[in-house]
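The file upload12.pdb contains PDB, C-alpha atoms, pLDDT in the B column:
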```pdb
ATOM      1  CA  PHE D   1      14.899   8.146 -15.170  1.00 52.00           C
ATOM      2  CA  PRO D   2      11.585   8.375 -13.254  1.00 54.00           C
ATOM      3  CA  THR D   3      11.503  10.714 -10.276  1.00 60.00           C
ATOM      4  CA  ARG D   4      10.901   9.477  -6.737  1.00 58.00           C
ATOM      5  CA  HIS D   5       7.377  10.890  -6.883  1.00 56.00           C
ATOM      6  CA  GLU D   6       6.649   9.047 -10.142  1.00 57.00           C
ATOM      7  CA  LEU D   7       7.945   5.820  -8.592  1.00 51.00           C
ATOM      8  CA  GLU D   8       5.735   6.344  -5.523  1.00 57.00           C
ATOM      9  CA  ILE D   9       2.686   6.909  -7.752  1.00 55.00           C
ATOM     10  CA  GLU D  10       3.497   3.787  -9.768  1.00 59.00           C
ATOM     11  CA  LEU D  11       3.867   1.832  -6.515  1.00 54.00           C
ATOM     12  CA  ALA D  12       0.520   3.097  -5.249  1.00 58.00           C
ATOM     13  CA  GLN D  13      -1.137   2.093  -8.511  1.00 57.00           C
ATOM     14  CA  ARG D  14       0.411  -1.357  -8.285  1.00 59.00           C
ATOM     15  CA  LEU D  15      -0.676  -1.683  -4.676  1.00 58.00           C
ATOM     16  CA  ALA D  16      -4.213  -0.757  -5.671  1.00 59.00           C
ATOM     17  CA  GLY D  17      -4.089  -3.469  -8.320  1.00 56.00           C
ATOM     18  CA  ILE D  18      -2.750  -5.951  -5.794  1.00 55.00           C
ATOM     19  CA  PHE D  19      -5.497  -4.912  -3.386  1.00 62.00           C
ATOM     20  CA  LEU D  20      -8.091  -5.720  -6.052  1.00 56.00           C
ATOM     21  CA  LEU D  21      -6.428  -9.054  -6.862  1.00 54.00           C
ATOM     22  CA  TRP D  22      -6.349  -9.903  -3.179  1.00 59.00           C
ATOM     23  CA  SER D  23     -10.017  -9.002  -2.893  1.00 60.00           C
ATOM     24  CA  ALA D  24     -10.844 -11.420  -5.720  1.00 57.00           C
ATOM     25  CA  ALA D  25      -8.661 -14.084  -4.146  1.00 57.00           C
ATOM     26  CA  LEU D  26     -10.381 -13.534  -0.825  1.00 58.00           C
ATOM     27  CA  LEU D  27     -13.747 -14.232  -2.441  1.00 58.00           C
ATOM     28  CA  LEU D  28     -12.417 -17.574  -3.659  1.00 55.00           C
ATOM     29  CA  VAL D  29     -10.947 -18.348  -0.262  1.00 55.00           C
ATOM     30  CA  GLN D  30     -14.255 -17.557   1.421  1.00 56.00           C
ATOM     31  CA  ARG D  31     -16.052 -19.980  -0.860  1.00 53.00           C
ATOM     32  CA  THR D  32     -13.596 -22.879  -0.749  1.00 52.00           C
ATOM     33  CA  HIS D  33     -11.624 -22.770   2.508  1.00 52.00           C
ATOM     34  CA  SER D  34     -12.237 -22.850   6.170  1.00 55.00           C
ATOM     35  CA  GLU D  35     -12.659 -19.792   8.388  1.00 59.00           C
ATOM     36  CA  MET D  36      -9.168 -20.333   9.808  1.00 57.00           C
ATOM     37  CA  GLU D  37      -7.566 -20.388   6.364  1.00 55.00           C
ATOM     38  CA  ARG D  38      -9.490 -17.265   5.361  1.00 53.00           C
ATOM     39  CA  ARG D  39      -8.295 -15.473   8.477  1.00 62.00           C
ATOM     40  CA  GLU D  40      -4.689 -16.463   7.749  1.00 54.00           C
ATOM     41  CA  ASN D  41      -4.981 -14.951   4.266  1.00 51.00           C
ATOM     42  CA  GLU D  42      -6.410 -11.727   5.690  1.00 57.00           C
ATOM     43  CA  GLU D  43      -3.573 -11.504   8.215  1.00 56.00           C
ATOM     44  CA  ARG D  44      -1.000 -12.153   5.497  1.00 53.00           C
ATOM     45  CA  PHE D  45      -2.397  -9.401   3.318  1.00 55.00           C
ATOM     46  CA  ALA D  46      -2.646  -6.993   6.259  1.00 57.00           C
ATOM     47  CA  SER D  47       1.014  -7.677   6.980  1.00 54.00           C
ATOM     48  CA  PHE D  48       1.828  -6.889   3.352  1.00 47.00           C
ATOM     49  CA  LEU D  49      -0.012  -3.541   3.461  1.00 54.00           C
ATOM     50  CA  ASN D  50       1.434  -2.614   6.848  1.00 56.00           C
ATOM     51  CA  ASN D  51       4.943  -2.839   5.443  1.00 56.00           C
ATOM     52  CA  ARG D  52       4.304  -0.269   2.715  1.00 59.00           C
ATOM     53  CA  ALA D  53       4.600   3.509   3.023  1.00 66.00           C
ATOM     54  CA  ALA D  54       1.242   4.049   1.311  1.00 83.00           C
ATOM     55  CA  VAL D  55      -1.858   4.603   3.437  1.00 89.00           C
ATOM     56  CA  ALA D  56      -4.628   2.037   2.851  1.00 89.00           C
ATOM     57  CA  TRP D  57      -8.206   1.833   4.133  1.00 93.00           C
ATOM     58  CA  MET D  58     -11.590   0.265   3.414  1.00 93.00           C
ATOM     59  CA  LYS D  59     -15.128   1.460   4.179  1.00 95.00           C
ATOM     60  CA  ASP D  60     -18.457  -0.355   4.031  1.00 95.00           C
ATOM     61  CA  ALA D  61     -21.471   0.721   1.951  1.00 96.00           C
ATOM     62  CA  ARG D  62     -22.450   3.175   4.703  1.00 96.00           C
ATOM     63  CA  PHE D  63     -18.966   4.690   4.459  1.00 97.00           C
ATOM     64  CA  ASN D  64     -17.899   3.521   7.906  1.00 97.00           C
ATOM     65  CA  PHE D  65     -14.291   2.397   8.275  1.00 96.00           C
ATOM     66  CA  VAL D  66     -13.815  -1.372   8.468  1.00 93.00           C
ATOM     67  CA  TYR D  67     -10.062  -1.467   7.873  1.00 91.00           C
ATOM     68  CA  VAL D  68      -6.988   0.820   7.987  1.00 91.00           C
ATOM     69  CA  ASN D  69      -3.356  -0.210   7.690  1.00 89.00           C
ATOM     70  CA  GLN D  70      -0.502   0.647  10.025  1.00 89.00           C
ATOM     71  CA  PRO D  71       0.777   3.674   8.034  1.00 89.00           C
ATOM     72  CA  PHE D  72      -2.753   5.119   8.313  1.00 91.00           C
ATOM     73  CA  GLU D  73      -2.647   4.576  12.093  1.00 91.00           C
ATOM     74  CA  ASN D  74       0.758   6.263  12.292  1.00 88.00           C
ATOM     75  CA  PHE D  75      -0.136   9.281  10.145  1.00 86.00           C
ATOM     76  CA  PHE D  76      -3.422   9.966  11.914  1.00 90.00           C
ATOM     77  CA  ASN D  77      -2.449   8.803  15.416  1.00 90.00           C
ATOM     78  CA  THR D  78      -5.241   6.265  15.721  1.00 92.00           C
ATOM     79  CA  THR D  79      -5.803   2.507  15.657  1.00 94.00           C
ATOM     80  CA  LEU D  80      -8.152   0.247  13.732  1.00 91.00           C
ATOM     81  CA  ASP D  81     -10.077  -0.463  16.951  1.00 94.00           C
ATOM     82  CA  GLN D  82     -10.552   3.272  17.544  1.00 95.00           C
ATOM     83  CA  ILE D  83     -11.612   4.146  14.011  1.00 94.00           C
ATOM     84  CA  LYS D  84     -13.631   1.062  13.084  1.00 95.00           C
ATOM     85  CA  GLY D  85     -17.312   1.925  12.622  1.00 96.00           C
ATOM     86  CA  LYS D  86     -16.630   5.667  12.343  1.00 97.00           C
ATOM     87  CA  ASN D  87     -17.026   7.766   9.201  1.00 96.00           C
ATOM     88  CA  ASP D  88     -15.321  10.842   7.799  1.00 96.00           C
ATOM     89  CA  PHE D  89     -17.742  13.212   9.542  1.00 96.00           C
ATOM     90  CA  ASP D  90     -16.649  11.734  12.872  1.00 95.00           C
ATOM     91  CA  LEU D  91     -13.000  12.448  12.084  1.00 93.00           C
ATOM     92  CA  TRP D  92     -12.621  15.551   9.919  1.00 91.00           C
ATOM     93  CA  PRO D  93     -14.129  19.060   9.565  1.00 91.00           C
ATOM     94  CA  ASP D  94     -17.362  19.106   7.541  1.00 94.00           C
ATOM     95  CA  THR D  95     -15.807  20.700   4.429  1.00 93.00           C
ATOM     96  CA  ILE D  96     -13.182  17.971   4.209  1.00 93.00           C
ATOM     97  CA  ALA D  97     -15.615  15.181   5.115  1.00 95.00           C
ATOM     98  CA  ARG D  98     -18.053  16.273   2.395  1.00 96.00           C
ATOM     99  CA  GLN D  99     -15.322  16.140  -0.243  1.00 95.00           C
ATOM    100  CA  LEU D 100     -14.227  12.669   0.860  1.00 96.00           C
ATOM    101  CA  ARG D 101     -17.810  11.424   0.979  1.00 97.00           C
ATOM    102  CA  GLY D 102     -18.469  12.737  -2.524  1.00 96.00           C
ATOM    103  CA  HIS D 103     -15.497  10.799  -3.924  1.00 97.00           C
ATOM    104  CA  ASP D 104     -16.526   7.622  -2.080  1.00 97.00           C
ATOM    105  CA  GLU D 105     -20.115   7.920  -3.328  1.00 97.00           C
ATOM    106  CA  THR D 106     -18.853   8.261  -6.895  1.00 96.00           C
ATOM    107  CA  VAL D 107     -16.922   5.004  -6.615  1.00 96.00           C
ATOM    108  CA  LEU D 108     -19.764   3.154  -4.884  1.00 96.00           C
ATOM    109  CA  SER D 109     -22.438   4.287  -7.348  1.00 95.00           C
ATOM    110  CA  SER D 110     -20.402   3.955 -10.551  1.00 95.00           C
ATOM    111  CA  GLY D 111     -18.371   0.865  -9.684  1.00 92.00           C
ATOM    112  CA  THR D 112     -15.353   2.445 -11.385  1.00 93.00           C
ATOM    113  CA  ASN D 113     -11.941   3.311 -10.002  1.00 93.00           C
ATOM    114  CA  LEU D 114     -11.161   6.923  -9.129  1.00 95.00           C
ATOM    115  CA  GLU D 115      -7.783   8.662  -9.011  1.00 94.00           C
ATOM    116  CA  THR D 116      -7.843  12.135  -7.466  1.00 94.00           C
ATOM    117  CA  GLN D 117      -6.180  14.318  -4.830  1.00 92.00           C
ATOM    118  CA  GLU D 118      -7.429  14.931  -1.306  1.00 94.00           C
ATOM    119  CA  SER D 119      -6.114  17.029   1.580  1.00 92.00           C
ATOM    120  CA  LEU D 120      -6.322  15.894   5.207  1.00 89.00           C
ATOM    121  CA  PRO D 121      -4.870  17.149   8.491  1.00 86.00           C
ATOM    122  CA  THR D 122      -2.651  14.617  10.260  1.00 81.00           C
ATOM    123  CA  ALA D 123      -2.279  14.108  13.992  1.00 78.00           C
ATOM    124  CA  ASP D 124       0.038  17.141  14.306  1.00 80.00           C
ATOM    125  CA  GLY D 125      -2.640  19.384  12.746  1.00 81.00           C
ATOM    126  CA  LYS D 126      -0.688  19.980   9.539  1.00 85.00           C
ATOM    127  CA  LEU D 127      -2.541  19.671   6.256  1.00 88.00           C
ATOM    128  CA  ARG D 128      -1.075  17.004   3.984  1.00 90.00           C
ATOM    129  CA  HIS D 129      -1.933  16.260   0.378  1.00 91.00           C
ATOM    130  CA  TRP D 130      -2.637  12.781  -0.960  1.00 92.00           C
ATOM    131  CA  LEU D 131      -2.867  11.172  -4.365  1.00 92.00           C
ATOM    132  CA  VAL D 132      -5.631   8.611  -3.826  1.00 93.00           C
ATOM    133  CA  HIS D 133      -6.621   5.542  -5.826  1.00 92.00           C
ATOM    134  CA  LYS D 134     -10.144   4.468  -4.856  1.00 95.00           C
ATOM    135  CA  PHE D 135     -11.931   1.317  -6.029  1.00 92.00           C
ATOM    136  CA  LEU D 136     -15.014  -0.811  -5.381  1.00 93.00           C
ATOM    137  CA  PHE D 137     -14.842  -4.262  -3.791  1.00 87.00           C
ATOM    138  CA  THR D 138     -17.683  -6.776  -3.336  1.00 89.00           C
ATOM    139  CA  ASP D 139     -17.334  -9.726  -0.936  1.00 85.00           C
ATOM    140  CA  ALA D 140     -18.783 -13.241  -1.209  1.00 81.00           C
ATOM    141  CA  ALA D 141     -21.989 -12.142   0.521  1.00 86.00           C
ATOM    142  CA  GLY D 142     -22.515  -9.374  -2.034  1.00 89.00           C
ATOM    143  CA  ARG D 143     -21.617  -6.593   0.363  1.00 91.00           C
ATOM    144  CA  LYS D 144     -19.932  -3.597  -1.240  1.00 94.00           C
ATOM    145  CA  PHE D 145     -16.907  -1.755   0.101  1.00 94.00           C
ATOM    146  CA  VAL D 146     -14.870   1.251  -1.013  1.00 95.00           C
ATOM    147  CA  GLY D 147     -11.103   0.765  -0.732  1.00 92.00           C
ATOM    148  CA  SER D 148      -8.242   3.189  -1.247  1.00 92.00           C
ATOM    149  CA  ILE D 149      -4.447   3.281  -1.548  1.00 90.00           C
ATOM    150  CA  ASP D 150      -3.106   6.805  -0.857  1.00 91.00           C
ATOM    151  CA  THR D 151       0.333   8.313  -1.502  1.00 89.00           C
ATOM    152  CA  ASP D 152       1.556  11.391   0.377  1.00 89.00           C
ATOM    153  CA  VAL D 153       2.425  14.058  -2.234  1.00 89.00           C
ATOM    154  CA  THR D 154       2.782  16.988   0.181  1.00 86.00           C
ATOM    155  CA  GLU D 155       6.444  17.618  -0.616  1.00 83.00           C
ATOM    156  CA  GLN D 156       5.755  17.610  -4.340  1.00 81.00           C
ATOM    157  CA  LYS D 157       2.888  20.098  -3.899  1.00 81.00           C
ATOM    158  CA  GLN D 158       5.145  22.353  -1.831  1.00 78.00           C
ATOM    159  CA  MET D 159       7.853  22.210  -4.501  1.00 81.00           C
ATOM    160  CA  GLU D 160       5.314  23.031  -7.203  1.00 77.00           C
ATOM    161  CA  GLU D 161       4.064  25.998  -5.179  1.00 77.00           C
ATOM    162  CA  ALA D 162       7.622  27.230  -4.592  1.00 78.00           C
ATOM    163  CA  LEU D 163       8.336  26.924  -8.323  1.00 80.00           C
ATOM    164  CA  ARG D 164       5.184  28.878  -9.191  1.00 81.00           C
ATOM    165  CA  ASN D 165       6.149  31.631  -6.759  1.00 82.00           C
ATOM    166  CA  SER D 166       9.660  31.738  -8.181  1.00 80.00           C
ATOM    167  CA  GLU D 167       8.285  32.012 -11.707  1.00 82.00           C
ATOM    168  CA  LEU D 168       5.969  34.841 -10.642  1.00 82.00           C
ATOM    169  CA  ARG D 169       8.870  36.737  -9.053  1.00 83.00           C
ATOM    170  CA  PHE D 170      10.996  36.242 -12.160  1.00 79.00           C
ATOM    171  CA  ARG D 171       8.142  37.355 -14.415  1.00 83.00           C
ATOM    172  CA  SER D 172       7.624  40.467 -12.301  1.00 83.00           C
ATOM    173  CA  VAL D 173      11.305  41.446 -12.588  1.00 82.00           C
ATOM    174  CA  TRP D 174      11.358  40.525 -16.287  1.00 81.00           C
ATOM    175  CA  ASP D 175       8.318  42.604 -17.167  1.00 84.00           C
ATOM    176  CA  SER D 176       9.103  45.671 -15.056  1.00 86.00           C
ATOM    177  CA  SER D 177      12.870  45.956 -15.593  1.00 86.00           C
ATOM    178  CA  ALA D 178      14.216  49.000 -17.413  1.00 86.00           C
ATOM    179  CA  ASP D 179      17.112  46.840 -18.630  1.00 87.00           C
ATOM    180  CA  GLY D 180      16.722  44.991 -21.902  1.00 88.00           C
ATOM    181  CA  MET D 181      16.632  41.227 -21.324  1.00 88.00           C
ATOM    182  CA  ARG D 182      16.569  38.298 -23.714  1.00 90.00           C
ATOM    183  CA  LEU D 183      16.782  34.515 -23.472  1.00 87.00           C
ATOM    184  CA  THR D 184      18.703  32.709 -26.193  1.00 89.00           C
ATOM    185  CA  ASP D 185      19.069  28.978 -26.934  1.00 89.00           C
ATOM    186  CA  GLY D 186      22.276  27.140 -27.774  1.00 86.00           C
ATOM    187  CA  GLU D 187      22.006  27.966 -31.453  1.00 88.00           C
ATOM    188  CA  GLY D 188      21.759  31.690 -30.786  1.00 87.00           C
ATOM    189  CA  LYS D 189      18.034  31.845 -31.467  1.00 92.00           C
ATOM    190  CA  ILE D 190      15.999  34.241 -29.327  1.00 90.00           C
ATOM    191  CA  ILE D 191      13.297  32.466 -27.292  1.00 89.00           C
ATOM    192  CA  ALA D 192      12.072  35.371 -25.142  1.00 90.00           C
ATOM    193  CA  VAL D 193      12.527  39.131 -24.763  1.00 88.00           C
ATOM    194  CA  ASN D 194      11.147  41.698 -22.362  1.00 88.00           C
ATOM    195  CA  LYS D 195       9.513  45.006 -23.241  1.00 90.00           C
ATOM    196  CA  ALA D 196      12.674  47.011 -22.549  1.00 89.00           C
ATOM    197  CA  TYR D 197      14.672  44.883 -25.008  1.00 89.00           C
ATOM    198  CA  CYS D 198      12.105  45.535 -27.726  1.00 90.00           C
ATOM    199  CA  GLU D 199      12.318  49.272 -27.082  1.00 89.00           C
ATOM    200  CA  LEU D 200      16.120  49.252 -27.153  1.00 88.00           C
ATOM    201  CA  SER D 201      16.296  47.211 -30.360  1.00 89.00           C
ATOM    202  CA  GLY D 202      13.471  49.045 -32.101  1.00 90.00           C
ATOM    203  CA  LEU D 203      11.878  45.714 -33.023  1.00 91.00           C
ATOM    204  CA  THR D 204       8.688  44.039 -31.896  1.00 92.00           C
ATOM    205  CA  GLU D 205       8.584  40.788 -29.947  1.00 90.00           C
ATOM    206  CA  SER D 206       7.390  38.881 -33.038  1.00 91.00           C
ATOM    207  CA  GLN D 207      10.322  40.286 -35.039  1.00 91.00           C
ATOM    208  CA  LEU D 208      12.772  39.029 -32.410  1.00 91.00           C
ATOM    209  CA  VAL D 209      11.525  35.724 -31.008  1.00 92.00           C
ATOM    210  CA  GLY D 210      12.453  32.774 -33.195  1.00 91.00           C
ATOM    211  CA  HIS D 211      15.227  34.690 -34.954  1.00 90.00           C
ATOM    212  CA  PRO D 212      19.012  34.714 -34.339  1.00 89.00           C
ATOM    213  CA  PHE D 213      20.048  37.397 -31.864  1.00 89.00           C
ATOM    214  CA  SER D 214      22.125  38.880 -34.700  1.00 86.00           C
ATOM    215  CA  VAL D 215      18.881  40.237 -36.134  1.00 86.00           C
ATOM    216  CA  THR D 216      19.623  43.332 -34.046  1.00 85.00           C
ATOM    217  CA  TYR D 217      23.167  43.704 -35.508  1.00 84.00           C
ATOM    218  CA  ASN D 218      24.309  45.905 -38.348  1.00 78.00           C
ATOM    219  CA  GLY D 219      26.897  44.459 -40.697  1.00 72.00           C
ATOM    220  CA  ASP D 220      28.359  40.935 -40.436  1.00 72.00           C
ATOM    221  CA  ALA D 221      25.983  38.705 -38.424  1.00 73.00           C
ATOM    222  CA  GLU D 222      27.710  35.355 -38.915  1.00 81.00           C
ATOM    223  CA  GLU D 223      30.748  35.932 -36.718  1.00 81.00           C
ATOM    224  CA  PRO D 224      28.805  36.861 -33.552  1.00 81.00           C
ATOM    225  CA  ILE D 225      26.608  33.742 -33.974  1.00 83.00           C
ATOM    226  CA  ARG D 226      29.609  31.449 -34.544  1.00 84.00           C
ATOM    227  CA  SER D 227      31.445  32.871 -31.539  1.00 85.00           C
ATOM    228  CA  TYR D 228      28.341  32.539 -29.353  1.00 83.00           C
ATOM    229  CA  ARG D 229      27.833  28.898 -30.324  1.00 85.00           C
ATOM    230  CA  GLU D 230      31.448  28.071 -29.521  1.00 82.00           C
ATOM    231  CA  ARG D 231      31.188  29.672 -26.083  1.00 82.00           C
ATOM    232  CA  PHE D 232      27.876  27.929 -25.417  1.00 81.00           C
ATOM    233  CA  THR D 233      29.305  24.536 -26.420  1.00 82.00           C
ATOM    234  CA  SER D 234      32.426  24.967 -24.285  1.00 80.00           C
ATOM    235  CA  ARG D 235      30.255  25.773 -21.227  1.00 71.00           C
ATOM    236  CA  THR D 236      28.232  22.554 -21.600  1.00 52.00           C
TER     237      THR D 236
END
```
Written as structure tokens, that's how I'd like the structure from this file.
Amino acid sequence: FPTRHELEIELAQRLAGIFLLWSAALLLVQRTHSEMERRENEERFASFLNNRAAVAWMKDARFNFVYVNQPFENFFNTTLDQIKGKNDFDLWPDTIARQLRGHDETVLSSGTNLETQESLPTADGKLRHWLVHKFLFTDAAGRKFVGSIDTDVTEQKQMEEALRNSELRFRSVWDSSADGMRLTDGEGKIIAVNKAYCELSGLTESQLVGHPFSVTYNGDAEEPIRSYRERFTSRT
């Protein structure tokens, strides 16, 4: 089954696609309907985006904000009225603003979608990480805009970092231990050994890994393997 993070990414991608479809529909509305009807469609779409967890925004060709949804307002403690007409350099430190501007320029100049990760501080000052889906949109008047649907992946990044740290700690113990250690699969085949195990067995890593653990036994090797497999099966 897909993880929650994978589902959130899929949702963000679908929202980005819907955003593009809405943009195309808006062009048709602008050409064939009245100003009131166009405004109703904009309000309907804004309502749709405001009821999603993903952050959404749009900037003009000068990279000034022209639209943000409600989740954006909540995350960054601002409103559309406050942010409209401002750019990233008005809101974030220069190092962050330059990175954001570079991604936006890539989309505007190439006309292609961009999926990447960006890090931004929220209203509480904490740095959060985002998987962003950026795309180009052109209105009926030929004006170009950069839009984005962003998913918060901070928790996933933290879990990945914790896993990396755990692996480093395990590797440190594994490599430096004076005790012989081995990892064995359900069939009794060795998949990893540490240096101490090699020294105790008198065999090299290449002579051990990929072979049954009974390679280190003298005499009958079948019985220990059979017994091991039975114990392994009963545990699972």
Write out as an mmCIF file with C-alpha atoms, in the coordinates of the input which residues come within 12 Å of stretch 89-95 of chain D when counting only C-alpha atoms, dropping same-chain ones fewer than 2 positions away.
```
data_model
loop_
_atom_site.group_PDB
_atom_site.id
_atom_site.type_symbol
_atom_site.label_atom_id
_atom_site.label_comp_id
_atom_site.auth_asym_id
_atom_site.auth_seq_id
_atom_site.Cartn_x
_atom_site.Cartn_y
_atom_site.Cartn_z
ATOM 1 C CA PHE D 63 -18.966 4.690 4.459
ATOM 2 C CA ASN D 64 -17.899 3.521 7.906
ATOM 3 C CA PHE D 65 -14.291 2.397 8.275
ATOM 4 C CA PHE D 76 -3.422 9.966 11.914
ATOM 5 C CA ASN D 77 -2.449 8.803 15.416
ATOM 6 C CA THR D 78 -5.241 6.265 15.721
ATOM 7 C CA GLN D 82 -10.552 3.272 17.544
ATOM 8 C CA ILE D 83 -11.612 4.146 14.011
ATOM 9 C CA LYS D 84 -13.631 1.062 13.084
ATOM 10 C CA GLY D 85 -17.312 1.925 12.622
ATOM 11 C CA LYS D 86 -16.630 5.667 12.343
ATOM 12 C CA ASN D 87 -17.026 7.766 9.201
ATOM 13 C CA ALA D 97 -15.615 15.181 5.115
ATOM 14 C CA ARG D 98 -18.053 16.273 2.395
ATOM 15 C CA GLN D 99 -15.322 16.140 -0.243
ATOM 16 C CA LEU D 100 -14.227 12.669 0.860
ATOM 17 C CA ARG D 101 -17.810 11.424 0.979
ATOM 18 C CA GLY D 102 -18.469 12.737 -2.524
ATOM 19 C CA GLU D 118 -7.429 14.931 -1.306
ATOM 20 C CA SER D 119 -6.114 17.029 1.580
ATOM 21 C CA LEU D 120 -6.322 15.894 5.207
ATOM 22 C CA PRO D 121 -4.870 17.149 8.491
ATOM 23 C CA THR D 122 -2.651 14.617 10.260
ATOM 24 C CA ALA D 123 -2.279 14.108 13.992
ATOM 25 C CA GLY D 125 -2.640 19.384 12.746
ATOM 26 C CA LEU D 127 -2.541 19.671 6.256
#
```
Contact residues around stretch 226-228 of chain D with only C-alpha atoms at 12 Å, ignoring same-chain residues under 5 positions, as JSON, numbers by chain: {"D": [184, 185, 186, 187, 188, 189, 212, 213, 214, 220, 221, 233, 234, 235]}
For atom CA of D:Ala162 and atom CA of D:Ala54, the interatomic separation in Å (one decimal):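 Atom-to-atom, atom CA of D:Ala162 and atom CA of D:Ala54 are spaced 24.8 Å apart.
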Straight-line distance linking atom CA of D:Leu183 with atom CA of D:Glu160, stated in Å to one decimal: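 That distance, rounded to one decimal, is 23.0 Å.
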Separation of atom CA of D:Lys134 from atom CA of D:Ile149, in Å and rounded to one decimal: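 Interatomic distance, atom CA of D:Lys134 to atom CA of D:Ile149: 6.7 Å.
Closest approach to D:Trp130 among D:Glu205, D:Asp179, D:Phe75, D:Thr106: D:Phe75, based on all atoms listed in the file.
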Edge lengths and centre in Å to one decimal, as lines of an AutoDock Vina configuration file, of the axis-aligned box that encloses all listed atoms of stretch 200-212 of chain D with 4 Å added on every side?
```
center_x = 13.2
center_y = 41.0
center_z = -31.1
size_x = 19.6
size_y = 24.5
size_z = 15.9
```
